[in-house]
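**Q** Data: work-v8.pdb, PDB, C-alpha atoms and all ligand atoms.
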```pdb
ATOM      1  CA  MET A1332       0.000   0.000   0.000
ATOM      2  CA  ALA A1333       1.671   3.277  -1.141
ATOM      3  CA  GLU A1334       1.881   6.063   1.429
ATOM      4  CA  VAL A1335      -0.635   8.810   0.659
ATOM      5  CA  ILE A1336       0.478  12.460   0.375
ATOM      6  CA  ASP A1337      -2.318  15.071   0.356
ATOM      7  CA  VAL A1338      -1.512  18.039  -1.908
ATOM      8  CA  LEU A1339      -3.739  21.137  -1.927
ATOM      9  CA  SER A1340      -4.007  23.483  -4.908
ATOM     10  CA  LEU A1341      -4.921  26.921  -3.487
ATOM     11  CA  TYR A1342      -7.492  29.001  -5.469
ATOM     12  CA  PRO A1343      -6.824  27.364  -8.860
ATOM     13  CA  LYS A1344      -9.918  29.034 -10.374
ATOM     14  CA  ASP A1345      -8.674  32.602  -9.838
ATOM     15  CA  MET A1346      -4.959  32.262  -9.120
ATOM     16  CA  ASN A1347      -3.356  30.258 -11.897
ATOM     17  CA  ILE A1348      -1.705  32.162 -14.748
ATOM     18  CA  TYR A1349       1.357  31.630 -16.979
ATOM     19  CA  GLY A1350       1.158  27.869 -16.562
ATOM     20  CA  ASP A1351       1.406  27.778 -12.772
ATOM     21  CA  SER A1352      -0.811  24.656 -12.647
ATOM     22  CA  GLY A1353       2.200  22.838 -14.117
ATOM     23  CA  ASN A1354       3.680  22.902 -10.629
ATOM     24  CA  LEU A1355       0.897  20.630  -9.371
ATOM     25  CA  LEU A1356       1.312  18.260 -12.336
ATOM     26  CA  THR A1357       5.046  17.983 -11.625
ATOM     27  CA  VAL A1358       4.573  17.230  -7.917
ATOM     28  CA  GLU A1359       1.814  14.688  -8.673
ATOM     29  CA  ARG A1360       3.945  12.860 -11.266
ATOM     30  CA  ARG A1361       7.102  12.823  -9.170
ATOM     31  CA  LEU A1362       5.242  11.607  -6.071
ATOM     32  CA  SER A1363       3.892   8.645  -8.080
ATOM     33  CA  LEU A1364       7.309   7.863  -9.569
ATOM     34  CA  TYR A1365       8.845   7.903  -6.074
ATOM     35  CA  GLY A1366       6.278   5.280  -5.019
ATOM     36  CA  PHE A1367       3.834   7.491  -3.090
ATOM     37  CA  GLU A1368       0.092   7.968  -3.711
ATOM     38  CA  PRO A1369      -0.640  11.667  -4.424
ATOM     39  CA  ARG A1370      -4.141  12.757  -3.400
ATOM     40  CA  ILE A1371      -4.985  16.165  -4.957
ATOM     41  CA  HIS A1372      -7.426  18.668  -3.418
ATOM     42  CA  TYR A1373      -8.593  21.793  -5.284
ATOM     43  CA  TYR A1374      -9.509  24.544  -2.835
ATOM     44  CA  ASN A1375     -11.450  27.619  -4.025
ATOM     45  CA  GLN A1376     -13.318  30.351  -2.092
ATOM     46  CA  GLY A1377     -15.952  28.896   0.240
ATOM     47  CA  ASP A1378     -14.843  25.260  -0.149
ATOM     48  CA  ALA A1379     -14.467  22.944   2.845
ATOM     49  CA  TRP A1380     -10.874  22.460   3.928
ATOM     50  CA  PRO A1381      -9.631  18.860   3.538
ATOM     51  CA  ASP A1382      -9.102  16.701   6.635
ATOM     52  CA  HIS A1383      -5.418  16.412   5.875
ATOM     53  CA  VAL A1384      -2.929  18.567   3.907
ATOM     54  CA  ASP A1385       0.787  17.775   3.505
ATOM     55  CA  MET A1386       1.685  20.362   0.837
ATOM     56  CA  ILE A1387       0.108  23.557  -0.544
ATOM     57  CA  LEU A1388       0.719  25.010  -4.036
ATOM     58  CA  GLY A1389      -0.604  28.410  -5.153
ATOM     59  CA  GLY A1390      -0.274  30.338  -8.418
ATOM     60  CA  GLY A1391      -0.297  33.909  -9.635
ATOM     61  CA  GLY A1392      -3.126  36.178 -10.713
ATOM     62  CA  GLN A1393      -4.050  39.650 -11.924
ATOM     63  CA  ASP A1394      -4.924  42.293  -9.289
ATOM     64  CA  GLU A1395      -8.590  41.431  -9.950
ATOM     65  CA  GLY A1396      -8.020  37.748  -9.144
ATOM     66  CA  GLN A1397      -6.292  38.721  -5.921
ATOM     67  CA  ARG A1398      -9.296  40.839  -4.953
ATOM     68  CA  LYS A1399     -11.607  37.864  -5.612
ATOM     69  CA  ILE A1400      -9.839  35.565  -3.169
ATOM     70  CA  ILE A1401      -8.670  37.976  -0.451
ATOM     71  CA  ARG A1402     -11.699  37.630   1.861
ATOM     72  CA  ASP A1403     -11.504  33.840   1.875
ATOM     73  CA  LEU A1404      -7.713  33.890   2.196
ATOM     74  CA  CYS A1405      -7.998  36.118   5.283
ATOM     75  CA  LYS A1406     -10.506  33.637   6.763
ATOM     76  CA  ARG A1407      -7.902  30.879   6.274
ATOM     77  CA  ALA A1408      -4.966  33.015   7.487
ATOM     78  CA  GLU A1409      -4.600  31.479  10.958
ATOM     79  CA  LEU A1410      -4.920  27.945   9.593
ATOM     80  CA  LEU A1411      -2.270  28.610   6.920
ATOM     81  CA  ARG A1412       0.106  30.282   9.403
ATOM     82  CA  GLY A1413      -0.298  27.280  11.697
ATOM     83  CA  LEU A1414       0.418  24.769   8.926
ATOM     84  CA  ALA A1415       3.471  26.769   7.814
ATOM     85  CA  HIS A1416       4.712  26.844  11.421
ATOM     86  CA  GLN A1417       4.262  23.062  11.683
ATOM     87  CA  GLY A1418       6.487  22.628   8.615
ATOM     88  CA  VAL A1419       3.967  21.993   5.825
ATOM     89  CA  PRO A1420       5.823  22.817   2.595
ATOM     90  CA  MET A1421       4.231  25.537   0.476
ATOM     91  CA  LEU A1422       5.086  27.093  -2.896
ATOM     92  CA  MET A1423       3.378  30.418  -3.686
ATOM     93  CA  ILE A1424       3.883  32.077  -7.065
ATOM     94  CA  CYS A1425       3.681  35.844  -7.701
ATOM     95  CA  GLY A1426       0.145  37.004  -6.750
ATOM     96  CA  LEU A1427      -0.167  34.530  -3.886
ATOM     97  CA  TYR A1428       3.496  35.126  -2.933
ATOM     98  CA  GLN A1429       2.508  38.787  -2.465
ATOM     99  CA  LEU A1430      -0.548  37.875  -0.353
ATOM    100  CA  PHE A1431       1.487  35.513   1.828
ATOM    101  CA  GLY A1432       3.395  38.630   2.909
ATOM    102  CA  GLU A1433       2.207  41.538   5.096
ATOM    103  CA  TYR A1434       0.293  43.397   2.344
ATOM    104  CA  PHE A1435       0.062  44.226  -1.358
ATOM    105  CA  GLN A1436      -0.648  47.865  -2.275
ATOM    106  CA  PRO A1437      -1.751  47.732  -5.958
ATOM    107  CA  ILE A1438      -1.212  50.772  -8.215
ATOM    108  CA  GLU A1439      -4.959  51.401  -8.115
ATOM    109  CA  GLY A1440      -7.460  50.630  -5.389
ATOM    110  CA  ASP A1441      -7.298  49.639  -1.736
ATOM    111  CA  ARG A1442      -4.390  47.889  -0.072
ATOM    112  CA  LEU A1443      -4.825  44.114   0.119
ATOM    113  CA  PRO A1444      -3.922  42.604   3.512
ATOM    114  CA  GLY A1445      -1.538  39.634   3.471
ATOM    115  CA  ILE A1446      -1.514  36.666   5.854
ATOM    116  CA  CYS A1447       2.061  37.233   7.123
ATOM    117  CA  VAL A1448       3.490  33.804   6.420
ATOM    118  CA  LEU A1449       6.437  35.478   4.655
ATOM    119  CA  GLY A1450       8.221  38.571   5.995
ATOM    120  CA  VAL A1451       7.740  40.774   2.941
ATOM    121  CA  HIS A1452       5.493  43.592   1.688
ATOM    122  CA  THR A1453       4.667  44.637  -1.879
ATOM    123  CA  ILE A1454       3.977  47.972  -3.567
ATOM    124  CA  GLY A1455       2.550  48.133  -7.098
ATOM    125  CA  GLU A1456       4.463  50.331  -9.580
ATOM    126  CA  LYS A1457       3.719  51.390 -13.170
ATOM    127  CA  LEU A1458       6.917  49.701 -14.362
ATOM    128  CA  ARG A1459       6.128  46.015 -14.720
ATOM    129  CA  LEU A1460       9.014  43.557 -14.264
ATOM    130  CA  ILE A1461       8.620  41.183 -17.208
ATOM    131  CA  GLY A1462      10.815  38.562 -18.850
ATOM    132  CA  ASN A1463      12.875  35.424 -18.597
ATOM    133  CA  LEU A1464      14.781  35.147 -15.375
ATOM    134  CA  VAL A1465      17.700  33.184 -13.949
ATOM    135  CA  GLU A1466      18.502  33.388 -10.259
ATOM    136  CA  HIS A1467      21.217  31.844  -8.113
ATOM    137  CA  SER A1468      19.925  30.105  -4.988
ATOM    138  CA  GLU A1469      22.185  28.807  -2.210
ATOM    139  CA  GLN A1470      19.750  25.964  -1.670
ATOM    140  CA  PHE A1471      18.782  25.065  -5.251
ATOM    141  CA  GLY A1472      21.557  26.357  -7.501
ATOM    142  CA  ALA A1473      20.470  28.029 -10.763
ATOM    143  CA  VAL A1474      16.679  28.506 -10.916
ATOM    144  CA  VAL A1475      15.036  29.538 -14.199
ATOM    145  CA  GLY A1476      11.592  30.973 -14.860
ATOM    146  CA  TYR A1477       9.561  33.859 -16.212
ATOM    147  CA  GLU A1478       8.264  36.926 -14.359
ATOM    148  CA  ASN A1479       5.460  39.415 -15.029
ATOM    149  CA  HIS A1480       4.407  41.637 -12.122
ATOM    150  CA  SER A1481       3.719  45.269 -11.212
ATOM    151  CA  GLY A1482       4.294  44.582  -7.525
ATOM    152  CA  GLN A1483       7.708  45.320  -6.110
ATOM    153  CA  THR A1484       8.402  43.157  -3.079
ATOM    154  CA  PHE A1485      10.712  44.094  -0.206
ATOM    155  CA  LEU A1486      12.173  41.589   2.260
ATOM    156  CA  HIS A1487      11.849  42.362   5.966
ATOM    157  CA  GLU A1488      14.742  42.028   8.406
ATOM    158  CA  GLY A1489      15.722  38.368   8.734
ATOM    159  CA  THR A1490      13.790  37.167   5.659
ATOM    160  CA  LYS A1491      15.965  35.194   3.233
ATOM    161  CA  PRO A1492      15.493  35.540  -0.531
ATOM    162  CA  LEU A1493      15.027  32.402  -2.596
ATOM    163  CA  GLY A1494      17.959  33.610  -4.692
ATOM    164  CA  GLU A1495      19.878  36.495  -6.228
ATOM    165  CA  VAL A1496      19.492  37.798  -9.789
ATOM    166  CA  ASP A1497      22.333  39.070 -11.935
ATOM    167  CA  SER A1498      21.150  42.588 -12.569
ATOM    168  CA  ILE A1499      18.597  45.281 -11.708
ATOM    169  CA  ASN A1500      15.108  45.656 -13.250
ATOM    170  CA  MET A1501      14.262  42.064 -12.382
ATOM    171  CA  GLY A1502      13.404  39.928  -9.370
ATOM    172  CA  ASN A1503      11.604  41.105  -6.231
ATOM    173  CA  ASN A1504      11.802  44.844  -6.861
ATOM    174  CA  GLY A1505      14.231  45.551  -9.682
ATOM    175  CA  ALA A1506      16.689  47.177  -7.313
ATOM    176  CA  ASP A1507      18.130  44.988  -4.543
ATOM    177  CA  ARG A1508      18.836  41.958  -6.795
ATOM    178  CA  THR A1509      16.900  39.553  -4.601
ATOM    179  CA  GLU A1510      14.203  37.222  -5.886
ATOM    180  CA  GLY A1511      11.539  35.440  -3.884
ATOM    181  CA  ALA A1512      11.533  34.660  -0.178
ATOM    182  CA  ILE A1513      11.871  31.512   1.903
ATOM    183  CA  ASN A1514      10.766  30.854   5.483
ATOM    184  CA  ASN A1515      11.113  27.354   6.928
ATOM    185  CA  ASN A1516       9.449  25.195   4.243
ATOM    186  CA  VAL A1517       7.514  28.010   2.583
ATOM    187  CA  ILE A1518       8.806  29.392  -0.714
ATOM    188  CA  GLY A1519       7.453  32.531  -2.384
ATOM    189  CA  THR A1520       8.708  33.445  -5.822
ATOM    190  CA  TYR A1521       7.886  35.453  -8.952
ATOM    191  CA  MET A1522       8.928  32.521 -11.131
ATOM    192  CA  HIS A1523       6.108  31.520 -13.453
ATOM    193  CA  GLY A1524       6.636  29.210 -16.344
ATOM    194  CA  SER A1525       5.766  26.898 -14.590
ATOM    195  CA  LEU A1526       8.605  26.769 -12.154
ATOM    196  CA  LEU A1527       8.838  23.104 -11.133
ATOM    197  CA  PRO A1528       9.121  21.257 -14.486
ATOM    198  CA  LYS A1529      12.389  23.105 -15.190
ATOM    199  CA  ASN A1530      13.537  23.099 -11.563
ATOM    200  CA  PRO A1531      12.804  19.555 -10.259
ATOM    201  CA  GLY A1532      15.137  20.060  -7.289
ATOM    202  CA  ILE A1533      12.539  22.420  -5.780
ATOM    203  CA  ALA A1534       9.769  19.887  -6.460
ATOM    204  CA  ASP A1535      11.809  17.220  -4.660
ATOM    205  CA  PHE A1536      12.410  19.601  -1.734
ATOM    206  CA  LEU A1537       8.633  20.105  -1.382
ATOM    207  CA  ILE A1538       8.012  16.350  -1.660
ATOM    208  CA  SER A1539      10.644  15.437   0.951
ATOM    209  CA  LYS A1540       9.228  18.010   3.421
ATOM    210  CA  ALA A1541       5.668  16.773   2.817
ATOM    211  CA  CYS A1542       6.734  13.183   3.569
ATOM    212  CA  MET A1543       8.602  14.336   6.695
ATOM    213  CA  PHE A1544       5.514  16.228   7.846
ATOM    214  CA  ARG A1545       3.189  13.255   7.262
ATOM    215  CA  TYR A1546       5.359  10.277   8.184
ATOM    216  CA  GLY A1547       8.371  11.730  10.019
ATOM    217  CA  THR A1548      10.652  10.270   7.398
ATOM    218  CA  TYR A1549      11.365  10.570   3.659
ATOM    219  CA  ALA A1550      11.924   7.178   2.007
ATOM    220  CA  PRO A1551      11.276   7.343  -1.732
ATOM    221  CA  HIS A1552      11.067   3.898  -3.263
ATOM    222  CA  PRO A1553      10.802   4.181  -7.049
ATOM    223  CA  SER A1554      10.445   1.019  -9.134
ATOM    224  CA  ASP A1555      13.113   0.313 -11.754
ATOM    225  CA  LYS A1556      10.692   1.784 -14.310
ATOM    226  CA  GLY A1557      10.184   4.790 -12.062
ATOM    227  CA  LYS A1558      13.928   5.337 -11.692
ATOM    228  CA  ALA A1559      14.360   5.228 -15.474
ATOM    229  CA  GLU A1560      11.496   7.716 -15.964
ATOM    230  CA  LEU A1561      12.892  10.072 -13.309
ATOM    231  CA  LYS A1562      16.259   9.937 -15.040
ATOM    232  CA  ARG A1563      14.624  10.757 -18.384
ATOM    233  CA  LEU A1564      12.580  13.631 -16.899
ATOM    234  CA  ASP A1565      15.590  15.119 -15.096
ATOM    235  CA  ALA A1566      17.641  15.035 -18.298
ATOM    236  CA  LEU A1567      14.774  16.789 -20.117
ATOM    237  CA  ALA A1568      14.493  19.357 -17.312
ATOM    238  CA  GLN A1569      18.224  20.042 -17.432
ATOM    239  CA  HIS A1570      18.051  20.572 -21.205
ATOM    240  CA  ALA A1571      15.039  22.896 -20.838
ATOM    241  CA  LYS A1572      16.851  24.813 -18.115
ATOM    242  CA  THR A1573      19.984  25.196 -20.227
ATOM    243  CA  VAL A1574      17.961  26.516 -23.154
ATOM    244  CA  ALA A1575      15.945  28.825 -20.882
ATOM    245  CA  MET A1576      19.088  30.215 -19.241
ATOM    246  CA  HIS A1577      20.306  31.431 -22.615
ATOM    247  CA  ARG A1578      16.998  32.932 -23.718
ATOM    248  CA  PRO A1579      17.056  36.748 -24.048
ATOM    249  CA  ARG A1580      15.303  38.602 -21.245
TER
HETATM  250  N1  LIG B   1      -1.292  41.267  -9.728
HETATM  251  C1  LIG B   1       0.061  41.114  -9.208
HETATM  252  C2  LIG B   1       1.052  42.077  -9.888
HETATM  253  O1  LIG B   1       0.757  42.561 -10.969
HETATM  254  C3  LIG B   1       0.548  39.696  -9.396
HETATM  255  C4  LIG B   1       0.751  39.348 -10.871
HETATM  256  C5  LIG B   1       1.003  37.860 -11.086
HETATM  257  O2  LIG B   1       0.590  37.011 -10.300
HETATM  258  N2  LIG B   1       1.667  37.531 -12.234
HETATM  259  O3  LIG B   1       2.120  42.310  -9.355
END
```
Using structure tokens, write down the structure from this file.
**A**
Amino acid sequence: MAEVIDVLSLYPKDMNIYGDSGNLLTVERRLSLYGFEPRIHYYNQGDAWPDHVDMILGGGGQDEGQRKIIRDLCKRAELLRGLAHQGVPMLMICGLYQLFGEYFQPIEGDRLPGICVLGVHTIGEKLRLIGNLVEHSEQFGAVVGYENHSGQTFLHEGTKPLGEVDSINMGNNGADRTEGAINNNVIGTYMHGSLLPKNPGIADFLISKACMFRYGTYAPHPSDKGKAELKRLDALAQHAKTVAMHRPR
């Protein structure tokens, strides 16, 4: 009997742009290849929360999408902070990255409160930060993706970035050369694309932390066929990453 891992997709109806749902597909596939049984839950505004959650994945969205989910997100704030504190791994992309911080002040309209899982805040600017992106992460090496956001995000004292970018006009705010934020097992990043197919090391980090949270240990047990498929996928990912790293901004 394969060990079950419950993965929650957060607001997929309104917060899922630039292919972010590919992150869920990657985690689901890799969990199966490692010999686990992924159980996927799609959570949208007003839905019941599942009995058990071992990992949470959230995507990006336009300002309008963020306004649609903010009331429900605030209702779930304490629950999400508690799960993050207990070590549940989470990956939040762009719009949800911003709302996992202290607040997001869009260019127009009221400030949106964040749920303070990540020590950051975000201010919308007319200049959008758009384009292919490579960052250098201590934990994950070179990370490649694509960004498109008006929000400029600033890290609070003691908050670590996911990585550093090579120049200005990209990353968190186009100025301090940081990108993303990481706190315990929660990662926020502007990397769309989707992120995980080209950066399987981050997918495996999330999977290992989900197994540790659920079972207190991480013991992947791929079949011979699974090992061969993982090898093939990782070679493909490496090729895609190499090509992406040399793409013009
Ligand atoms: N609406 C936010 C911004 O423009 C987030 C955009 C996104 O998720 N790509 O900064």
**Q** Tell me, as a PyMOL selection string, which residues lie within 12 Å of A:Asn1347, counting only C-alpha atoms; anything in the same chain fewer than 4 positions away does not count.
**A** chain A and resi 1340-1343+1351-1355+1373+1375+1388-1393+1396-1397+1423-1427+1523-1525
**Q** Taking the file as I've supplied it (selection: the PyMOL selection byres (((chain A and resi 1544) around 12) and not hetatm)), which residues are included? Please answer as a ChimeraX atom specification.
**A** /A:1336-1337,1383-1386,1414-1421,1516,1537-1543,1545-1549
**Q** Skip stretch 1430-1446 of chain A itself and residues of its chain fewer than 6 positions away, then list as a PyMOL selection string all residues within 12 Å of it, counting all atoms listed in the file.
**A** chain A and resi 1341+1346+1389-1413+1415+1421-1424+1452-1459+1480-1487+1490+1511-1514+1517-1520
**Q** Those residues you just picked out, can you put them in a file as a short mmCIF file (atom, residue, chain, number, x, y, z; two decimals), in the frame of the given file with C-alpha atoms?
**A**
```cif
data_model
loop_
_atom_site.label_atom_id
_atom_site.label_comp_id
_atom_site.auth_asym_id
_atom_site.auth_seq_id
_atom_site.Cartn_x
_atom_site.Cartn_y
_atom_site.Cartn_z
CA LEU A 1341 -4.92 26.92 -3.49
CA MET A 1346 -4.96 32.26 -9.12
CA GLY A 1389 -0.60 28.41 -5.15
CA GLY A 1390 -0.27 30.34 -8.42
CA GLY A 1391 -0.30 33.91 -9.64
CA GLY A 1392 -3.13 36.18 -10.71
CA GLN A 1393 -4.05 39.65 -11.92
CA ASP A 1394 -4.92 42.29 -9.29
CA GLU A 1395 -8.59 41.43 -9.95
CA GLY A 1396 -8.02 37.75 -9.14
CA GLN A 1397 -6.29 38.72 -5.92
CA ARG A 1398 -9.30 40.84 -4.95
CA LYS A 1399 -11.61 37.86 -5.61
CA ILE A 1400 -9.84 35.56 -3.17
CA ILE A 1401 -8.67 37.98 -0.45
CA ARG A 1402 -11.70 37.63 1.86
CA ASP A 1403 -11.50 33.84 1.88
CA LEU A 1404 -7.71 33.89 2.20
CA CYS A 1405 -8.00 36.12 5.28
CA LYS A 1406 -10.51 33.64 6.76
CA ARG A 1407 -7.90 30.88 6.27
CA ALA A 1408 -4.97 33.02 7.49
CA GLU A 1409 -4.60 31.48 10.96
CA LEU A 1410 -4.92 27.94 9.59
CA LEU A 1411 -2.27 28.61 6.92
CA ARG A 1412 0.11 30.28 9.40
CA GLY A 1413 -0.30 27.28 11.70
CA ALA A 1415 3.47 26.77 7.81
CA MET A 1421 4.23 25.54 0.48
CA LEU A 1422 5.09 27.09 -2.90
CA MET A 1423 3.38 30.42 -3.69
CA ILE A 1424 3.88 32.08 -7.06
CA HIS A 1452 5.49 43.59 1.69
CA THR A 1453 4.67 44.64 -1.88
CA ILE A 1454 3.98 47.97 -3.57
CA GLY A 1455 2.55 48.13 -7.10
CA GLU A 1456 4.46 50.33 -9.58
CA LYS A 1457 3.72 51.39 -13.17
CA LEU A 1458 6.92 49.70 -14.36
CA ARG A 1459 6.13 46.02 -14.72
CA HIS A 1480 4.41 41.64 -12.12
CA SER A 1481 3.72 45.27 -11.21
CA GLY A 1482 4.29 44.58 -7.52
CA GLN A 1483 7.71 45.32 -6.11
CA THR A 1484 8.40 43.16 -3.08
CA PHE A 1485 10.71 44.09 -0.21
CA LEU A 1486 12.17 41.59 2.26
CA HIS A 1487 11.85 42.36 5.97
CA THR A 1490 13.79 37.17 5.66
CA GLY A 1511 11.54 35.44 -3.88
CA ALA A 1512 11.53 34.66 -0.18
CA ILE A 1513 11.87 31.51 1.90
CA ASN A 1514 10.77 30.85 5.48
CA VAL A 1517 7.51 28.01 2.58
CA ILE A 1518 8.81 29.39 -0.71
CA GLY A 1519 7.45 32.53 -2.38
CA THR A 1520 8.71 33.44 -5.82
#
```
**Q** Using Å and a single decimal, report how far atom CA of A:Ser1498 sits from atom CA of A:Pro1579.
**A**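 These atoms are spaced 13.5 Å apart.
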**Q** Taking the file as I've supplied it (selection: the PyMOL selection byres (((chain A and resi 1528) around 10) and not hetatm)), which residues are included? Please answer as a PyMOL selection string.
**A** chain A and resi 1353-1358+1524-1527+1529-1534+1564-1565+1567-1569+1571-1572
**Q** Quick one: of A:Met1522, A:Leu1339, A:Val1451, A:Ala1559, who's nearest to A:Gly1489, counting all atoms listed in the file?
**A** A:Val1451
**Q** Go ahead and compute the interatomic distance for atom CA of A:Val1496 and atom CA of A:Thr1509, in Å to one decimal.
**A**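 So the two atoms, atom CA of A:Val1496 and atom CA of A:Thr1509, lie 6.1 Å apart.
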**Q** Using all atoms listed in the file, which of A:Asn1479, A:Asp1378, A:Ile1461, A:Leu1449 sits nearest ligand LIG 1 (chain B)?
**A**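 That would be A:Asn1479, the residue with the smallest distance to ligand LIG 1 (chain B).
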**Q** Here is a test: counting only C-alpha atoms and all ligand atoms, which residue of A:Pro1369, A:Pro1492, A:Pro1381, A:Gly1502 is nearest to ligand LIG 1 (chain B)?
**A**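 Checking each of A:Pro1369, A:Pro1492, A:Pro1381, A:Gly1502 against ligand LIG 1 (chain B), counting only C-alpha atoms and all ligand atoms, the winner is A:Gly1502.
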**Q** List the residues matched by the PyMOL selection byres (((chain A and resi 1367) around 9) and not hetatm) in the displayed structure as a list in words, ordered by chain and then by residue number.
**A**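 Selection result, ordered by chain and number: Met1332, Ala1333, Glu1334, Val1335, Ile1336, Arg1361, Leu1362, Ser1363, Leu1364, Tyr1365, Gly1366, Glu1368, Pro1369, Pro1551, His1552 and Pro1553 of chain A.
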**Q** For atom CA of A:Asp1345 and atom CA of A:Gly1476, determine how far apart the two atoms are, in Å to one decimal place.
**A** 20.9 Å
**Q** Please, can stretch 1425-1438 of chain A be completed to N, CA and C atoms and returned as a PDB file, in the frame of the given file?
**A**
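Resulting contents of rebuild10.pdb:
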```pdb
ATOM      1  N   CYS A1425       4.080  34.475  -7.331  1.00  0.00           N
ATOM      2  CA  CYS A1425       3.681  35.844  -7.701  1.00  0.00           C
ATOM      3  C   CYS A1425       2.499  36.391  -6.896  1.00  0.00           C
ATOM      4  N   GLY A1426       1.286  36.382  -7.437  1.00  0.00           N
ATOM      5  CA  GLY A1426       0.145  37.004  -6.750  1.00  0.00           C
ATOM      6  C   GLY A1426      -0.098  36.415  -5.375  1.00  0.00           C
ATOM      7  N   LEU A1427       0.009  35.127  -5.224  1.00  0.00           N
ATOM      8  CA  LEU A1427      -0.167  34.530  -3.886  1.00  0.00           C
ATOM      9  C   LEU A1427       1.096  34.707  -3.037  1.00  0.00           C
ATOM     10  N   TYR A1428       2.258  34.764  -3.665  1.00  0.00           N
ATOM     11  CA  TYR A1428       3.496  35.126  -2.933  1.00  0.00           C
ATOM     12  C   TYR A1428       3.267  36.477  -2.236  1.00  0.00           C
ATOM     13  N   GLN A1429       2.744  37.448  -3.014  1.00  0.00           N
ATOM     14  CA  GLN A1429       2.508  38.787  -2.465  1.00  0.00           C
ATOM     15  C   GLN A1429       1.533  38.732  -1.277  1.00  0.00           C
ATOM     16  N   LEU A1430       0.481  37.919  -1.414  1.00  0.00           N
ATOM     17  CA  LEU A1430      -0.548  37.875  -0.353  1.00  0.00           C
ATOM     18  C   LEU A1430      -0.144  36.989   0.817  1.00  0.00           C
ATOM     19  N   PHE A1431       0.942  36.252   0.676  1.00  0.00           N
ATOM     20  CA  PHE A1431       1.487  35.513   1.828  1.00  0.00           C
ATOM     21  C   PHE A1431       2.435  36.408   2.633  1.00  0.00           C
ATOM     22  N   GLY A1432       2.599  37.654   2.160  1.00  0.00           N
ATOM     23  CA  GLY A1432       3.395  38.630   2.909  1.00  0.00           C
ATOM     24  C   GLY A1432       2.496  39.468   3.799  1.00  0.00           C
ATOM     25  N   GLU A1433       2.979  40.669   4.176  1.00  0.00           N
ATOM     26  CA  GLU A1433       2.207  41.538   5.096  1.00  0.00           C
ATOM     27  C   GLU A1433       1.076  42.252   4.360  1.00  0.00           C
ATOM     28  N   TYR A1434       1.354  42.751   3.133  1.00  0.00           N
ATOM     29  CA  TYR A1434       0.293  43.397   2.344  1.00  0.00           C
ATOM     30  C   TYR A1434       0.767  43.595   0.917  1.00  0.00           C
ATOM     31  N   PHE A1435      -0.211  43.850   0.035  1.00  0.00           N
ATOM     32  CA  PHE A1435       0.062  44.226  -1.358  1.00  0.00           C
ATOM     33  C   PHE A1435      -0.722  45.500  -1.655  1.00  0.00           C
ATOM     34  N   GLN A1436       0.000  46.586  -1.935  1.00  0.00           N
ATOM     35  CA  GLN A1436      -0.648  47.865  -2.275  1.00  0.00           C
ATOM     36  C   GLN A1436      -0.629  47.993  -3.803  1.00  0.00           C
ATOM     37  N   PRO A1437      -1.749  47.635  -4.488  1.00  0.00           N
ATOM     38  CA  PRO A1437      -1.751  47.732  -5.958  1.00  0.00           C
ATOM     39  C   PRO A1437      -1.618  49.190  -6.410  1.00  0.00           C
ATOM     40  N   ILE A1438      -1.340  49.400  -7.702  1.00  0.00           N
ATOM     41  CA  ILE A1438      -1.212  50.772  -8.215  1.00  0.00           C
ATOM     42  C   ILE A1438      -2.544  51.495  -8.038  1.00  0.00           C
TER      43      ILE A1438
END
```
